[in-house]
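Contents: one structure, followed by commentary.
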Amino acid sequence: MVRIDTIELFPFGQDDFQRGRITPTKSTVILIRWTVVIICAYLIIYRAKSTISSDLLNLLVALYMGTNVALYSIKDEMFCRPAFHSSLLVLDTFVITISLIVNGKVESDFFSRFSS
């Protein structure tokens with residue numbers, strides 16, 4: 001008899017999914033936020049000419065990356081609180097909006113669709 005081992009392609013959150021938890025786990029939130037952080041950093045770094053200081057924008061990118069790194073040190077219980085998710089949502093929405101404005105290549109009708 002041949003034994004076949006399976007490979008978990010996405011090991012983060014598998015245990016929680018099998019236990020029947022519905023709330024997103026710490027690793028899931030951090031992985032999704034890394035995508036948002038990288039996209040926002042790209043929009044800020046590769047921007048059209050802006051009047052805002054380049055050093056200030058680079059500091060914003062570094063601080064935003066730092067918030068995601070800081071999430072690794074927060075206890076898992078915090079990720080089950082709705083207030084914690086709401087604060088992350090507000091921060092991410094703010095940074096996404098700032099990065100789109102700073103980028104300068106987005107037309108004004110996009111913001112009305114983005115905010116609704």
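Residues in the structure tokens are named by chain (A, B, ... in the order shown) and by number from 1 within that chain; ligands are numbered from 1 in the order shown.
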* To do: From a DSSP calculation on the backbone, collect every residue of stretch 31-97 of chain A in alpha helix (DSSP H) and output the set as a ChimeraX atom specification.
  => /A:31-45,54-70,82-97
Could the residues in this selection be saved with N, CA and C atoms as a tab-separated table (two decimals), in the first residue's frame?
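The file below, again20.tsv, is the result:
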chain	number	residue	atom	x	y	z
A	31	LEU	N	-1.22	38.51	6.46
A	31	LEU	CA	-0.92	38.22	5.06
A	31	LEU	C	-1.71	39.12	4.11
A	32	ILE	N	-2.97	39.35	4.40
A	32	ILE	CA	-3.77	40.24	3.56
A	32	ILE	C	-3.26	41.67	3.64
A	33	ARG	N	-2.87	42.10	4.84
A	33	ARG	CA	-2.35	43.45	5.00
A	33	ARG	C	-1.02	43.63	4.28
A	34	TRP	N	-0.19	42.59	4.19
A	34	TRP	CA	1.07	42.73	3.46
A	34	TRP	C	0.81	43.08	2.00
A	35	THR	N	-0.23	42.50	1.43
A	35	THR	CA	-0.60	42.84	0.06
A	35	THR	C	-0.98	44.31	-0.05
A	36	VAL	N	-1.79	44.78	0.87
A	36	VAL	CA	-2.20	46.18	0.86
A	36	VAL	C	-1.00	47.10	1.08
A	37	VAL	N	-0.11	46.73	1.99
A	37	VAL	CA	1.08	47.54	2.27
A	37	VAL	C	1.96	47.64	1.04
A	38	ILE	N	2.17	46.54	0.35
A	38	ILE	CA	3.03	46.54	-0.84
A	38	ILE	C	2.41	47.38	-1.95
A	39	ILE	N	1.11	47.26	-2.16
A	39	ILE	CA	0.45	48.05	-3.20
A	39	ILE	C	0.51	49.55	-2.88
A	40	CYS	N	0.25	49.91	-1.64
A	40	CYS	CA	0.30	51.32	-1.25
A	40	CYS	C	1.72	51.86	-1.35
A	41	ALA	N	2.70	51.06	-0.95
A	41	ALA	CA	4.10	51.49	-1.06
A	41	ALA	C	4.47	51.71	-2.52
A	42	TYR	N	4.02	50.84	-3.40
A	42	TYR	CA	4.28	50.99	-4.83
A	42	TYR	C	3.66	52.29	-5.36
A	43	LEU	N	2.41	52.55	-4.97
A	43	LEU	CA	1.74	53.76	-5.43
A	43	LEU	C	2.44	55.02	-4.95
A	44	ILE	N	2.97	54.99	-3.73
A	44	ILE	CA	3.64	56.17	-3.18
A	44	ILE	C	5.04	56.33	-3.78
A	45	ILE	N	5.77	55.25	-3.90
A	45	ILE	CA	7.15	55.35	-4.39
A	45	ILE	C	7.19	55.72	-5.87
A	54	SER	N	9.64	64.16	-0.53
A	54	SER	CA	9.93	62.75	-0.79
A	54	SER	C	10.31	62.02	0.49
A	55	ASP	N	11.04	62.70	1.37
A	55	ASP	CA	11.42	62.08	2.64
A	55	ASP	C	10.20	61.79	3.51
A	56	LEU	N	9.24	62.69	3.50
A	56	LEU	CA	8.02	62.50	4.28
A	56	LEU	C	7.22	61.30	3.77
A	57	LEU	N	7.13	61.17	2.46
A	57	LEU	CA	6.40	60.04	1.87
A	57	LEU	C	7.12	58.72	2.12
A	58	ASN	N	8.45	58.73	2.06
A	58	ASN	CA	9.20	57.51	2.37
A	58	ASN	C	9.04	57.13	3.84
A	59	LEU	N	8.95	58.13	4.71
A	59	LEU	CA	8.70	57.86	6.13
A	59	LEU	C	7.32	57.25	6.32
A	60	LEU	N	6.33	57.74	5.57
A	60	LEU	CA	4.98	57.18	5.64
A	60	LEU	C	4.99	55.70	5.24
A	61	VAL	N	5.71	55.38	4.18
A	61	VAL	CA	5.81	53.98	3.74
A	61	VAL	C	6.47	53.13	4.82
A	62	ALA	N	7.55	53.63	5.41
A	62	ALA	CA	8.25	52.87	6.44
A	62	ALA	C	7.37	52.67	7.68
A	63	LEU	N	6.64	53.70	8.07
A	63	LEU	CA	5.75	53.57	9.23
A	63	LEU	C	4.61	52.60	8.96
A	64	TYR	N	4.09	52.63	7.75
A	64	TYR	CA	3.00	51.72	7.40
A	64	TYR	C	3.49	50.27	7.39
A	65	MET	N	4.69	50.05	6.88
A	65	MET	CA	5.27	48.70	6.96
A	65	MET	C	5.52	48.31	8.40
A	66	GLY	N	5.90	49.28	9.21
A	66	GLY	CA	6.14	49.02	10.63
A	66	GLY	C	4.88	48.60	11.37
A	67	THR	N	3.73	49.13	10.96
A	67	THR	CA	2.48	48.71	11.62
A	67	THR	C	2.20	47.24	11.36
A	68	ASN	N	2.54	46.78	10.16
A	68	ASN	CA	2.30	45.37	9.87
A	68	ASN	C	3.30	44.49	10.60
A	69	VAL	N	4.53	44.94	10.73
A	69	VAL	CA	5.52	44.17	11.49
A	69	VAL	C	5.13	44.12	12.96
A	70	ALA	N	4.57	45.21	13.46
A	70	ALA	CA	4.15	45.26	14.87
A	70	ALA	C	3.00	44.31	15.16
A	82	PRO	N	-13.86	42.96	17.45
A	82	PRO	CA	-14.32	43.79	16.33
A	82	PRO	C	-13.72	45.20	16.33
A	83	ALA	N	-13.47	45.75	17.49
A	83	ALA	CA	-12.89	47.09	17.56
A	83	ALA	C	-11.48	47.11	16.96
A	84	PHE	N	-10.74	46.05	17.14
A	84	PHE	CA	-9.40	45.96	16.58
A	84	PHE	C	-9.45	45.91	15.06
A	85	HIS	N	-10.38	45.12	14.52
A	85	HIS	CA	-10.54	45.04	13.07
A	85	HIS	C	-11.00	46.37	12.50
A	86	SER	N	-11.86	47.07	13.22
A	86	SER	CA	-12.35	48.37	12.76
A	86	SER	C	-11.22	49.39	12.69
A	87	SER	N	-10.34	49.37	13.70
A	87	SER	CA	-9.23	50.32	13.68
A	87	SER	C	-8.27	50.02	12.54
A	88	LEU	N	-8.02	48.74	12.25
A	88	LEU	CA	-7.17	48.39	11.11
A	88	LEU	C	-7.83	48.80	9.80
A	89	LEU	N	-9.13	48.64	9.71
A	89	LEU	CA	-9.86	49.01	8.50
A	89	LEU	C	-9.78	50.51	8.26
A	90	VAL	N	-9.94	51.30	9.31
A	90	VAL	CA	-9.86	52.76	9.17
A	90	VAL	C	-8.45	53.18	8.76
A	91	LEU	N	-7.44	52.61	9.39
A	91	LEU	CA	-6.06	52.94	9.04
A	91	LEU	C	-5.76	52.56	7.59
A	92	ASP	N	-6.15	51.37	7.19
A	92	ASP	CA	-5.88	50.93	5.82
A	92	ASP	C	-6.61	51.77	4.79
A	93	THR	N	-7.86	52.13	5.07
A	93	THR	CA	-8.61	52.98	4.16
A	93	THR	C	-7.96	54.35	4.02
A	94	PHE	N	-7.49	54.90	5.14
A	94	PHE	CA	-6.81	56.19	5.12
A	94	PHE	C	-5.53	56.13	4.28
A	95	VAL	N	-4.72	55.10	4.50
A	95	VAL	CA	-3.46	55.00	3.76
A	95	VAL	C	-3.70	54.71	2.28
A	96	ILE	N	-4.69	53.90	1.95
A	96	ILE	CA	-5.01	53.65	0.54
A	96	ILE	C	-5.44	54.95	-0.13
A	97	THR	N	-6.26	55.72	0.54
A	97	THR	CA	-6.71	56.99	-0.03
A	97	THR	C	-5.55	57.95	-0.22
